[in-house]
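See below for start-v8.txt, which holds compact mmCIF, C-alpha atoms.
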```txt
# COMPACT_ATOMS: atom_id res chain seq x y z
CA MET A 1 -28.97 -2.39 -9.56
CA ARG A 2 -29.32 0.19 -12.31
CA VAL A 3 -32.16 2.52 -11.38
CA GLU A 4 -34.57 4.50 -13.54
CA GLY A 5 -37.42 6.67 -12.37
CA ILE A 6 -36.44 7.18 -8.71
CA TYR A 7 -35.68 10.67 -7.42
CA LEU A 8 -34.68 12.43 -4.22
CA ARG A 9 -37.23 15.07 -3.22
CA GLY A 10 -36.07 16.19 0.21
CA THR A 11 -33.54 15.71 3.00
CA SER A 12 -33.26 16.91 6.58
CA VAL A 13 -30.91 16.53 9.53
CA ARG A 14 -31.43 16.91 13.26
CA LEU A 15 -28.24 17.60 15.25
CA PRO A 16 -29.35 19.06 18.61
CA ALA A 17 -26.01 20.32 19.99
CA VAL A 18 -22.26 20.38 19.39
CA LEU A 19 -19.47 19.13 21.66
CA PRO A 20 -15.96 20.37 20.71
CA LEU A 21 -13.23 17.76 21.00
CA ALA A 22 -11.07 20.30 22.82
CA ASP A 23 -13.68 20.42 25.58
CA ALA A 24 -13.88 16.62 25.72
CA VAL A 25 -10.09 16.40 26.06
CA ALA A 26 -10.03 19.09 28.74
CA SER A 27 -12.68 17.24 30.75
CA GLY A 28 -10.82 13.94 30.47
CA ALA A 29 -13.63 12.22 28.54
CA CYS A 30 -11.51 11.94 25.38
CA THR A 31 -7.77 11.33 25.22
CA GLN A 32 -5.49 13.62 23.25
CA ARG A 33 -4.34 10.58 21.28
CA VAL A 34 -7.87 9.88 20.03
CA ALA A 35 -8.45 13.55 19.24
CA THR A 36 -5.21 13.82 17.26
CA GLY A 37 -5.66 10.55 15.42
CA THR A 38 -9.22 11.24 14.31
CA GLY A 39 -8.68 14.88 13.34
CA LEU A 40 -12.23 15.78 14.33
CA GLU A 41 -13.14 19.25 15.58
CA SER A 42 -16.42 18.35 17.29
CA VAL A 43 -19.23 15.83 17.48
CA ALA A 44 -22.98 16.28 17.48
CA TYR A 45 -24.63 15.25 20.70
CA SER A 46 -28.07 15.21 22.25
CA PRO A 47 -28.40 16.48 25.83
CA ASP A 48 -31.92 15.08 26.24
CA GLU A 49 -33.65 14.07 22.99
CA SER A 50 -33.95 10.35 22.33
CA ALA A 51 -33.03 8.89 18.95
CA ALA A 52 -36.72 8.42 18.15
CA GLU A 53 -37.58 12.04 18.89
CA MET A 54 -34.73 13.29 16.72
CA ALA A 55 -35.88 11.01 13.88
CA ALA A 56 -39.42 12.36 14.02
CA LYS A 57 -38.13 15.94 13.76
CA ALA A 58 -35.85 15.08 10.85
CA ALA A 59 -38.77 13.34 9.11
CA ALA A 60 -40.97 16.41 9.43
CA GLY A 61 -38.22 18.56 7.93
CA ALA A 62 -37.69 16.26 4.96
CA LEU A 63 -41.42 16.12 4.22
CA ARG A 64 -41.63 19.91 4.34
CA ARG A 65 -38.66 20.38 2.01
CA ALA A 66 -39.97 17.74 -0.37
CA GLY A 67 -43.44 19.25 -0.50
CA THR A 68 -44.70 15.76 0.24
CA ASP A 69 -48.01 15.12 1.94
CA PRO A 70 -48.01 12.29 4.51
CA ASP A 71 -50.60 10.46 2.41
CA ASP A 72 -48.06 10.33 -0.44
CA ILE A 73 -45.73 8.17 1.65
CA GLU A 74 -46.15 4.48 0.77
CA LEU A 75 -43.33 3.15 2.98
CA LEU A 76 -41.35 4.26 6.02
CA LEU A 77 -37.99 2.61 6.76
CA HIS A 78 -36.03 3.62 9.86
CA ALA A 79 -32.37 2.56 10.14
CA ASP A 80 -30.55 2.56 13.48
CA THR A 81 -27.79 0.80 15.40
CA TYR A 82 -28.41 1.42 19.11
CA HIS A 83 -31.06 2.05 21.78
CA GLN A 84 -33.87 4.25 20.46
CA GLY A 85 -35.33 5.38 23.79
CA GLN A 86 -37.58 2.48 24.84
CA ASP A 87 -37.28 -1.29 25.22
CA LEU A 88 -39.21 -3.89 23.20
CA TRP A 89 -40.80 -1.12 21.17
CA PRO A 90 -41.39 -0.51 17.43
CA VAL A 91 -39.58 2.78 16.90
CA ALA A 92 -40.66 3.01 13.24
CA SER A 93 -44.29 3.12 14.38
CA TYR A 94 -43.52 6.05 16.68
CA ILE A 95 -41.90 7.98 13.82
CA GLN A 96 -44.89 7.15 11.62
CA ARG A 97 -47.32 8.38 14.28
CA GLU A 98 -45.42 11.61 14.87
CA SER A 99 -44.61 12.52 11.26
CA LEU A 100 -47.14 10.77 9.01
CA GLY A 101 -50.21 9.47 10.81
CA ASN A 102 -51.02 7.26 7.85
CA GLY A 103 -51.31 3.47 7.45
CA CYS A 104 -48.30 2.58 5.28
CA PRO A 105 -45.80 -0.13 6.29
CA ALA A 106 -43.33 1.26 8.86
CA ILE A 107 -40.30 -0.98 9.40
CA GLU A 108 -37.05 -0.79 11.38
CA ILE A 109 -33.79 -1.66 9.60
CA ARG A 110 -30.93 -2.89 11.79
CA GLN A 111 -27.96 -3.15 9.43
CA MET A 112 -25.60 -1.11 11.59
CA SER A 113 -23.75 1.69 9.76
CA ASN A 114 -24.83 0.34 6.37
CA GLY A 115 -28.48 0.81 7.33
CA GLY A 116 -29.09 4.04 5.43
CA LEU A 117 -28.12 2.65 2.04
CA ALA A 118 -29.76 -0.69 2.82
CA ALA A 119 -33.00 1.21 3.42
CA MET A 120 -32.51 3.16 0.18
CA ASP A 121 -32.06 -0.08 -1.76
CA LEU A 122 -35.17 -1.66 -0.25
CA ALA A 123 -37.28 1.47 -0.72
CA THR A 124 -36.20 1.78 -4.33
CA ALA A 125 -37.27 -1.79 -5.08
CA TYR A 126 -40.56 -1.24 -3.22
CA LEU A 127 -41.45 1.89 -5.16
CA LEU A 128 -40.58 0.33 -8.50
CA ALA A 129 -42.65 -2.77 -7.74
CA GLY A 130 -45.94 -0.87 -7.97
CA GLU A 131 -46.84 1.48 -10.81
CA MET A 132 -49.00 3.68 -8.61
CA ARG A 133 -46.57 3.99 -5.72
CA ARG A 134 -45.35 7.49 -5.03
CA ASP A 135 -42.92 8.27 -2.19
CA ALA A 136 -40.95 6.55 0.57
CA LEU A 137 -39.62 8.13 3.75
CA LEU A 138 -36.23 6.96 5.04
CA THR A 139 -35.02 7.97 8.49
CA THR A 140 -31.95 7.21 10.61
CA ALA A 141 -31.21 8.08 14.23
CA ASP A 142 -28.98 7.16 17.13
CA ARG A 143 -28.02 8.58 20.51
CA PHE A 144 -24.71 7.07 21.58
CA CYS A 145 -24.57 7.71 25.29
CA GLU A 146 -23.39 6.04 28.47
CA PRO A 147 -23.58 3.61 30.08
CA GLY A 148 -23.71 1.36 27.01
CA ILE A 149 -21.54 3.43 24.67
CA ASP A 150 -18.46 5.55 25.30
CA ARG A 151 -18.49 7.77 22.20
CA TRP A 152 -14.70 8.23 22.41
CA LEU A 153 -13.44 4.76 23.37
CA THR A 154 -15.99 2.18 22.19
CA ASP A 155 -14.45 2.48 18.70
CA PRO A 156 -11.40 4.77 19.15
CA GLY A 157 -10.81 5.53 15.45
CA THR A 158 -14.34 6.88 15.07
CA PRO A 159 -15.95 9.18 17.67
CA TYR A 160 -19.70 8.52 17.77
CA ALA A 161 -22.27 11.27 17.40
CA ASP A 162 -25.95 11.77 18.18
CA GLY A 163 -28.38 12.85 15.51
CA ALA A 164 -31.01 11.94 12.95
CA THR A 165 -31.46 12.21 9.21
CA ALA A 166 -34.37 11.83 6.82
CA LEU A 167 -34.72 11.48 3.06
CA VAL A 168 -37.75 11.31 0.76
CA LEU A 169 -37.45 9.04 -2.28
CA SER A 170 -40.03 9.50 -5.00
CA ARG A 171 -41.28 8.33 -8.38
CA ARG A 172 -42.72 11.82 -8.96
CA GLY A 173 -39.51 13.73 -9.62
CA GLY A 174 -37.08 15.64 -7.44
CA TRP A 175 -33.82 17.59 -7.31
CA ALA A 176 -31.65 14.50 -7.89
CA ARG A 177 -32.11 11.18 -9.61
CA LEU A 178 -30.81 7.86 -8.35
CA LEU A 179 -28.72 6.18 -11.06
CA SER A 180 -27.65 2.98 -9.31
CA ILE A 181 -27.33 1.29 -5.96
CA ALA A 182 -25.45 -1.82 -4.83
CA LEU A 183 -25.17 -3.86 -1.63
CA HIS A 184 -22.77 -6.65 -0.71
CA ALA A 185 -22.18 -8.76 2.40
CA ASP A 186 -19.37 -10.95 3.77
CA PRO A 187 -20.53 -12.76 6.93
CA ASP A 188 -17.05 -14.28 7.41
CA LEU A 189 -16.18 -10.90 8.96
CA GLU A 190 -19.14 -10.95 11.36
CA PRO A 191 -16.96 -11.87 14.40
CA LEU A 192 -15.05 -8.58 14.06
CA HIS A 193 -17.68 -6.91 16.23
CA ARG A 194 -18.56 -9.97 18.34
CA GLY A 195 -15.24 -11.48 19.35
CA ASP A 196 -15.10 -14.64 21.46
CA ASP A 197 -17.64 -13.72 24.10
CA PRO A 198 -20.49 -16.23 24.60
CA PHE A 199 -24.08 -15.23 23.94
CA THR A 200 -25.95 -13.72 26.88
CA LYS A 201 -29.49 -13.36 28.21
CA ALA A 202 -29.52 -9.57 28.50
CA PRO A 203 -27.74 -6.50 27.04
CA PHE A 204 -24.31 -5.43 28.33
CA ALA A 205 -23.72 -8.63 30.28
CA HIS A 206 -20.03 -8.80 29.32
CA ARG A 207 -18.76 -5.26 29.78
CA VAL A 208 -20.01 -1.69 29.95
CA PRO A 209 -19.41 0.26 27.81
CA VAL A 210 -19.20 -1.85 24.65
CA ASP A 211 -15.60 -2.40 23.50
CA PHE A 212 -15.26 -3.03 19.76
CA GLU A 213 -11.47 -3.06 20.01
CA GLU A 214 -11.56 -6.13 22.26
CA ALA A 215 -13.75 -7.97 19.75
CA LYS A 216 -11.45 -7.01 16.87
CA ARG A 217 -8.35 -8.17 18.75
CA ALA A 218 -9.93 -11.56 19.38
CA PHE A 219 -10.89 -12.06 15.72
CA ILE A 220 -7.63 -10.80 14.25
CA GLY A 221 -5.71 -12.97 16.70
CA ARG A 222 -7.30 -16.00 15.03
CA VAL A 223 -7.26 -15.04 11.34
CA GLY A 224 -4.56 -12.38 11.05
CA MET A 225 -4.68 -8.70 10.16
CA SER A 226 -4.05 -9.15 6.42
CA TYR A 227 -7.04 -11.51 6.11
CA ALA A 228 -9.42 -8.97 7.68
CA ILE A 229 -8.05 -5.98 5.75
CA THR A 230 -8.14 -7.80 2.40
CA ARG A 231 -11.70 -9.03 2.80
CA ALA A 232 -12.91 -5.63 4.01
CA HIS A 233 -11.28 -3.87 1.06
CA ASN A 234 -12.68 -6.40 -1.41
CA GLY A 235 -16.18 -5.93 -0.06
CA GLN A 236 -16.06 -2.15 -0.43
CA GLN A 237 -14.47 -2.45 -3.87
CA THR A 238 -17.22 -4.83 -5.00
CA VAL A 239 -20.05 -2.39 -4.38
CA LEU A 240 -18.11 0.60 -5.69
CA LYS A 241 -17.33 -1.12 -8.98
CA GLN A 242 -20.88 -2.43 -9.39
CA ALA A 243 -22.68 0.84 -8.64
CA LEU A 244 -20.29 2.93 -10.75
CA ALA A 245 -20.45 0.53 -13.72
CA GLU A 246 -24.25 0.46 -13.64
CA ALA A 247 -24.31 4.27 -13.54
CA GLY A 248 -21.84 4.53 -16.42
CA SER A 249 -19.31 6.36 -14.26
CA GLU A 250 -15.73 6.07 -13.07
CA LEU A 251 -14.71 6.97 -9.54
CA SER A 252 -12.18 9.46 -10.89
CA ASP A 253 -14.91 11.30 -12.80
CA VAL A 254 -17.52 11.85 -10.09
CA ASP A 255 -17.72 15.24 -8.43
CA TRP A 256 -18.38 14.15 -4.83
CA VAL A 257 -17.58 11.03 -2.84
CA VAL A 258 -19.59 10.86 0.39
CA LEU A 259 -17.77 8.59 2.84
CA PRO A 260 -18.61 7.36 6.35
CA HIS A 261 -17.85 9.90 9.08
CA PHE A 262 -14.75 8.09 10.32
CA GLY A 263 -11.66 9.64 11.83
CA ARG A 264 -8.94 10.90 9.50
CA ARG A 265 -6.52 7.99 9.93
CA ARG A 266 -9.25 5.43 9.29
CA LEU A 267 -10.42 7.30 6.18
CA GLU A 268 -6.87 7.39 4.83
CA ALA A 269 -6.35 3.67 5.43
CA ILE A 270 -9.71 2.48 4.09
CA TYR A 271 -10.59 4.99 1.34
CA TYR A 272 -8.17 7.79 0.44
CA LYS A 273 -5.09 5.68 -0.28
CA PRO A 274 -6.61 2.38 -1.51
CA PHE A 275 -9.08 4.06 -3.89
CA GLY A 276 -7.12 7.21 -4.74
CA ILE A 277 -9.80 9.52 -3.37
CA ASP A 278 -8.84 13.17 -2.94
CA PRO A 279 -10.24 14.44 0.40
CA ALA A 280 -11.21 17.66 -1.40
CA ARG A 281 -13.88 15.67 -3.26
CA THR A 282 -15.35 14.38 0.00
CA THR A 283 -17.37 15.95 2.81
CA TRP A 284 -14.51 15.65 5.32
CA GLU A 285 -14.65 19.33 6.33
CA PHE A 286 -18.29 18.78 7.31
CA SER A 287 -18.02 15.30 8.79
CA ARG A 288 -15.12 16.30 11.07
CA THR A 289 -17.52 18.68 12.82
CA VAL A 290 -20.25 16.05 13.23
CA GLY A 291 -18.80 12.61 13.99
CA HIS A 292 -20.19 9.18 13.15
CA LEU A 293 -24.00 9.10 13.03
CA GLY A 294 -24.35 5.34 12.74
CA ALA A 295 -26.57 4.67 9.73
CA GLY A 296 -26.99 8.38 8.95
CA ASP A 297 -23.59 9.60 7.69
CA GLN A 298 -24.44 9.44 3.99
CA PHE A 299 -27.78 11.22 4.26
CA ALA A 300 -26.32 13.91 6.53
CA SER A 301 -23.41 14.68 4.21
CA LEU A 302 -25.67 14.67 1.16
CA ASP A 303 -27.94 17.15 2.91
CA HIS A 304 -24.89 19.32 3.61
CA LEU A 305 -23.80 19.26 -0.04
CA ILE A 306 -27.26 20.38 -1.13
CA THR A 307 -28.10 22.96 1.52
CA SER A 308 -24.63 24.54 1.35
CA GLY A 309 -24.77 24.86 -2.44
CA LEU A 310 -21.56 22.87 -2.89
CA ALA A 311 -23.27 20.31 -5.12
CA LYS A 312 -24.39 21.87 -8.41
CA PRO A 313 -26.83 20.71 -11.08
CA GLY A 314 -25.02 18.17 -13.26
CA ASP A 315 -22.77 16.92 -10.44
CA ARG A 316 -22.59 13.21 -9.76
CA CYS A 317 -22.32 12.01 -6.17
CA VAL A 318 -21.27 8.61 -4.86
CA LEU A 319 -22.55 7.56 -1.43
CA VAL A 320 -20.38 4.92 0.25
CA SER A 321 -21.16 2.96 3.41
CA VAL A 322 -19.97 0.00 5.47
CA GLY A 323 -21.54 -1.71 8.45
CA ALA A 324 -20.57 -4.39 10.93
CA GLY A 325 -21.78 -7.77 9.87
CA TYR A 326 -20.09 -7.15 7.42
CA SER A 327 -21.97 -5.32 4.68
CA TRP A 328 -21.26 -2.51 2.25
CA GLY A 329 -23.35 -0.13 0.17
CA CYS A 330 -22.82 2.30 -2.69
CA ALA A 331 -25.25 4.58 -4.52
CA VAL A 332 -24.67 6.94 -7.44
CA LEU A 333 -26.91 9.92 -8.02
CA GLU A 334 -27.01 12.96 -10.28
CA ILE A 335 -27.96 16.43 -9.08
CA LEU A 336 -30.67 17.89 -11.34
CA ASP A 337 -31.58 21.10 -9.59
CA GLN A 338 -30.77 23.31 -6.63
CA PRO A 339 -33.68 22.94 -4.18
CA ASP A 340 -35.00 25.98 -2.38
CA ALA A 341 -33.46 26.60 1.02
CA ASP A 342 -35.65 26.64 4.15
```
Spit out the file's structure as structure tokens when you get a sec.
Amino acid sequence: MRVEGIYLRGTSVRLPAVLPLADAVASGACTQRVATGTGLESVAYSPDESAAEMAAKAAAGALRRAGTDPDDIELLLHADTYHQGQDLWPVASYIQRESLGNGCPAIEIRQMSNGGLAAMDLATAYLLAGEMRRDALLTTADRFCEPGIDRWLTDPGTPYADGATALVLSRRGGWARLLSIALHADPDLEPLHRGDDPFTKAPFAHRVPVDFEEAKRAFIGRVGMSYAITRAHNGQQTVLKQALAEAGSELSDVDWVVLPHFGRRRLEAIYYKPFGIDPARTTWEFSRTVGHLGAGDQFASLDHLITSGLAKPGDRCVLVSVGAGYSWGCAVLEILDQPDAD
């Protein structure tokens, strides 16, 4: 979708604490093989804050940076992948209560690691559908902790991290403008994160913690590795080509490519080599200190580019995401101004 008249007004990130990989290896929580293969230095983690509490804090920060009053927010979308702190509970309503206190729609998005860009796409369409609509608040948050998740071994190529992000989209101007956004799905790859296990009556009935590698082995054993790799590459290529074409850009010309916070080997296999992406144009040096934030990688790295001053007015940034299911997202934006630091 080519986009006109939608801007980014503010971003914020909540990363409560840092856990160095060296410490995780020394304690036996993480193997040296995983640490070496991923190339990460540390991951963000939350000693006690729930995902919902981190999201509310990130939301407050984004509103403050954007200079947006809660009454200006017409829609709140919260993207997540895992337990938010309570059972059978509308987490988006909690974030709305804590950060806005208004009566706009507040909805949870569960599109796994593609949730941030899925929320951006939906919010963009929502704002453009009404001439008088002003701003939308997007939040993401996850706390990947035991017993359900082993941040090191549940998905060994990608250490999981705890944290929250928030972003304010607006029709009233901002420091960046959204040029295009694209989403694509391929449900034939859905079993990659389900495997052959039967459906259950309650969470974690098969094994604790969750083991994505077991599910992948089962699926690839049936269809073959080349089938899965080809379809996954084609899905990512589809959204990249669409978003770039609608923005009038080429991948080789953009200044920054914001990729998921995967480990180094996975980034090389999925992005660097297939798409000819130079790591120097990515946020790798930041993401290797944070880890995978579920749906929040793109917003966190974009916030880093802006608050660090790396992204300059005139720069074009491409946000790239992929989520189990399988679905992919890509957004292209142009930096217009350098927002004031906190």
Among listed residues A:Gly163, A:Pro209, A:Gly28, A:Gly67, nearest Asp80 (chain A) (using only C-alpha atoms):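 Closest candidate: A:Gly163.
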Here is a test: counting all atoms listed in the file, which residue of A:Ala79, A:Cys317, A:Ala295, A:Leu88 is nearest to Ile335 (chain A)?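 That would be A:Cys317, the residue with the smallest distance to Ile335 (chain A).
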Excluding same-chain residues fewer than 5 positions from Ala118 (chain A), what lies within 9 Å of it counting all atoms listed in the file, as a VMD selection string? chain A and resid 79 109 111 123 182 to 183 328 to 329
Give me, as JSON lines, the closest atom pair and its distance (Å, one decimal) for every residue of region 111-197 of chain A within a cut-off of 12 Å of region 90-101 of chain A, counting all atoms listed in the file, rows sorted by chain and rising number.
```
{"residue": "A:Ala136", "atom": "CA", "partner": "A:Leu100", "partner_atom": "CA", "distance": 11.3}
{"residue": "A:Leu137", "atom": "CA", "partner": "A:Gln96", "partner_atom": "CA", "distance": 9.5}
{"residue": "A:Leu138", "atom": "CA", "partner": "A:Ala92", "partner_atom": "CA", "distance": 10.1}
{"residue": "A:Thr139", "atom": "CA", "partner": "A:Ile95", "partner_atom": "CA", "distance": 8.7}
{"residue": "A:Thr140", "atom": "CA", "partner": "A:Ala92", "partner_atom": "CA", "distance": 10.0}
{"residue": "A:Ala141", "atom": "CA", "partner": "A:Val91", "partner_atom": "CA", "distance": 10.3}
{"residue": "A:Asp142", "atom": "CA", "partner": "A:Val91", "partner_atom": "CA", "distance": 11.5}
{"residue": "A:Ala164", "atom": "CA", "partner": "A:Ile95", "partner_atom": "CA", "distance": 11.6}
{"residue": "A:Ala166", "atom": "CA", "partner": "A:Ile95", "partner_atom": "CA", "distance": 11.0}
```
Please provide as a CSV table (one decimal) with C-alpha atoms, in the coordinates of the input all residues within 9 Å of region 226-242 of chain A, with the sequence filter that same-chain residues fewer than 4 positions apart are discarded (counting all atoms listed in the file).
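Result written to selection_2.csv:
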```csv
chain,number,residue,atom,x,y,z
A,1,MET,CA,-29.0,-2.4,-9.6
A,180,SER,CA,-27.6,3.0,-9.3
A,181,ILE,CA,-27.3,1.3,-6.0
A,182,ALA,CA,-25.4,-1.8,-4.8
A,183,LEU,CA,-25.2,-3.9,-1.6
A,184,HIS,CA,-22.8,-6.6,-0.7
A,185,ALA,CA,-22.2,-8.8,2.4
A,186,ASP,CA,-19.4,-11.0,3.8
A,188,ASP,CA,-17.0,-14.3,7.4
A,189,LEU,CA,-16.2,-10.9,9.0
A,192,LEU,CA,-15.0,-8.6,14.1
A,219,PHE,CA,-10.9,-12.1,15.7
A,220,ILE,CA,-7.6,-10.8,14.2
A,246,GLU,CA,-24.2,0.5,-13.6
A,247,ALA,CA,-24.3,4.3,-13.5
A,250,GLU,CA,-15.7,6.1,-13.1
A,251,LEU,CA,-14.7,7.0,-9.5
A,270,ILE,CA,-9.7,2.5,4.1
A,271,TYR,CA,-10.6,5.0,1.3
A,274,PRO,CA,-6.6,2.4,-1.5
A,275,PHE,CA,-9.1,4.1,-3.9
A,318,VAL,CA,-21.3,8.6,-4.9
A,320,VAL,CA,-20.4,4.9,0.2
A,321,SER,CA,-21.2,3.0,3.4
A,322,VAL,CA,-20.0,0.0,5.5
A,326,TYR,CA,-20.1,-7.2,7.4
A,327,SER,CA,-22.0,-5.3,4.7
A,328,TRP,CA,-21.3,-2.5,2.2
A,329,GLY,CA,-23.4,-0.1,0.2
A,330,CYS,CA,-22.8,2.3,-2.7
A,331,ALA,CA,-25.2,4.6,-4.5
```
Identify the residues within 12 Å of coordinate (-15.0, 19.6, 22.5) (same frame as the file), considering all atoms listed in the file, and give the answer as an MDAnalysis selection string. chainID A and resid 17:32 35 40:45 152 159 288:291
Distance query Gly37 (chain A) at most 8 Å, only C-alpha atoms, self and fewer than 5 positions along chain excluded, as a list in words: Gly157, Gly263, Arg264 and Arg265 of chain A
Closest of A:Ala66, A:Leu310, A:Met112, A:Cys104 to Gly325 (chain A) - atom-to-atom distances counting only C-alpha atoms: A:Met112
With only C-alpha atoms as the basis for distance, which of A:Leu153, A:Leu319, A:Leu117, A:Leu8 is at the shortest distance from Val254 (chain A)?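 Under the stated criterion, the closest residue is A:Leu319.
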Need to verify the contact set: region 276-282 of chain A, 7 Å, all atoms listed in the file, exclusion of same-chain residues closer than 2 positions in sequence. Can you return it as a PyMOL selection string? chain A and resi 255-259+271-274+284
Using only C-alpha atoms, pick whichever of A:Ala202, A:Cys145, A:Leu179, A:Leu302 has the shortest atom-to-atom distance to Ser46 (chain A).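 Closest to Ser46 (chain A), using only C-alpha atoms: A:Cys145.
Of the residues under consideration (A:Gln298, A:Thr81, A:Thr36, A:Thr283), A:Thr81 shows the shortest atom-to-atom contact distance to Arg110 (chain A) when counting all atoms listed in the file.
Non-sequential neighbours of Glu4 (chain A) (distance at most 12 Å, separation of 3 or more positions within a chain, all atoms listed in the file) are A:Met1, A:Tyr7, A:Thr124, A:Ala125, A:Leu127, A:Leu128, A:Ser170, A:Arg171, A:Arg172, A:Gly173, A:Ala176, A:Arg177, A:Leu178, A:Leu179, A:Ser180, A:Ile181, A:Glu246, A:Ala247, A:Val332, A:Leu333, A:Glu334.
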Between CA of Asp303 (chain A) and CA of Asn102 (chain A), what is the distance in Å, rounded to a tenth?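 Rounded to one decimal, the two atoms are 25.6 Å apart.
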Quick one: pull the distance between CA of Ile73 (chain A) and CA of Leu167 (chain A), Å, one decimal. 11.6 Å
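CA of Ala243 (chain A) lies 19.8 Å from CA of Ala311 (chain A).
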Could you please fill out region 87-99 of chain A with N, CA and C atoms and send it back as an mmCIF file, keeping the file's coordinate frame?
```
data_model
loop_
_atom_site.group_PDB
_atom_site.id
_atom_site.type_symbol
_atom_site.label_atom_id
_atom_site.label_comp_id
_atom_site.auth_asym_id
_atom_site.auth_seq_id
_atom_site.Cartn_x
_atom_site.Cartn_y
_atom_site.Cartn_z
ATOM 1 N N ASP A 87 -37.595 0.131 25.402
ATOM 2 C CA ASP A 87 -37.280 -1.290 25.220
ATOM 3 C C ASP A 87 -38.471 -2.029 24.616
ATOM 4 N N LEU A 88 -38.171 -3.054 23.813
ATOM 5 C CA LEU A 88 -39.210 -3.890 23.200
ATOM 6 C C LEU A 88 -40.316 -3.029 22.600
ATOM 7 N N TRP A 89 -39.928 -2.199 21.650
ATOM 8 C CA TRP A 89 -40.800 -1.120 21.170
ATOM 9 C C TRP A 89 -40.525 -0.852 19.697
ATOM 10 N N PRO A 90 -41.570 -0.747 18.861
ATOM 11 C CA PRO A 90 -41.390 -0.510 17.430
ATOM 12 C C PRO A 90 -41.162 0.970 17.120
ATOM 13 N N VAL A 91 -39.901 1.374 17.079
ATOM 14 C CA VAL A 91 -39.580 2.780 16.900
ATOM 15 C C VAL A 91 -40.121 3.335 15.584
ATOM 16 N N ALA A 92 -40.147 2.527 14.526
ATOM 17 C CA ALA A 92 -40.660 3.010 13.240
ATOM 18 C C ALA A 92 -42.121 3.435 13.355
ATOM 19 N N SER A 93 -42.881 2.759 14.194
ATOM 20 C CA SER A 93 -44.290 3.120 14.380
ATOM 21 C C SER A 93 -44.431 4.461 15.082
ATOM 22 N N TYR A 94 -43.512 4.732 16.015
ATOM 23 C CA TYR A 94 -43.520 6.050 16.680
ATOM 24 C C TYR A 94 -43.244 7.156 15.662
ATOM 25 N N ILE A 95 -42.231 6.969 14.826
ATOM 26 C CA ILE A 95 -41.900 7.980 13.820
ATOM 27 C C ILE A 95 -43.072 8.168 12.860
ATOM 28 N N GLN A 96 -43.714 7.076 12.493
ATOM 29 C CA GLN A 96 -44.890 7.150 11.620
ATOM 30 C C GLN A 96 -46.010 7.949 12.294
ATOM 31 N N ARG A 97 -46.255 7.676 13.546
ATOM 32 C CA ARG A 97 -47.320 8.380 14.280
ATOM 33 C C ARG A 97 -47.036 9.871 14.379
ATOM 34 N N GLU A 98 -45.770 10.211 14.674
ATOM 35 C CA GLU A 98 -45.420 11.610 14.870
ATOM 36 C C GLU A 98 -45.307 12.402 13.570
ATOM 37 N N SER A 99 -44.887 11.764 12.485
ATOM 38 C CA SER A 99 -44.610 12.520 11.260
ATOM 39 C C SER A 99 -45.592 12.271 10.128
#
```
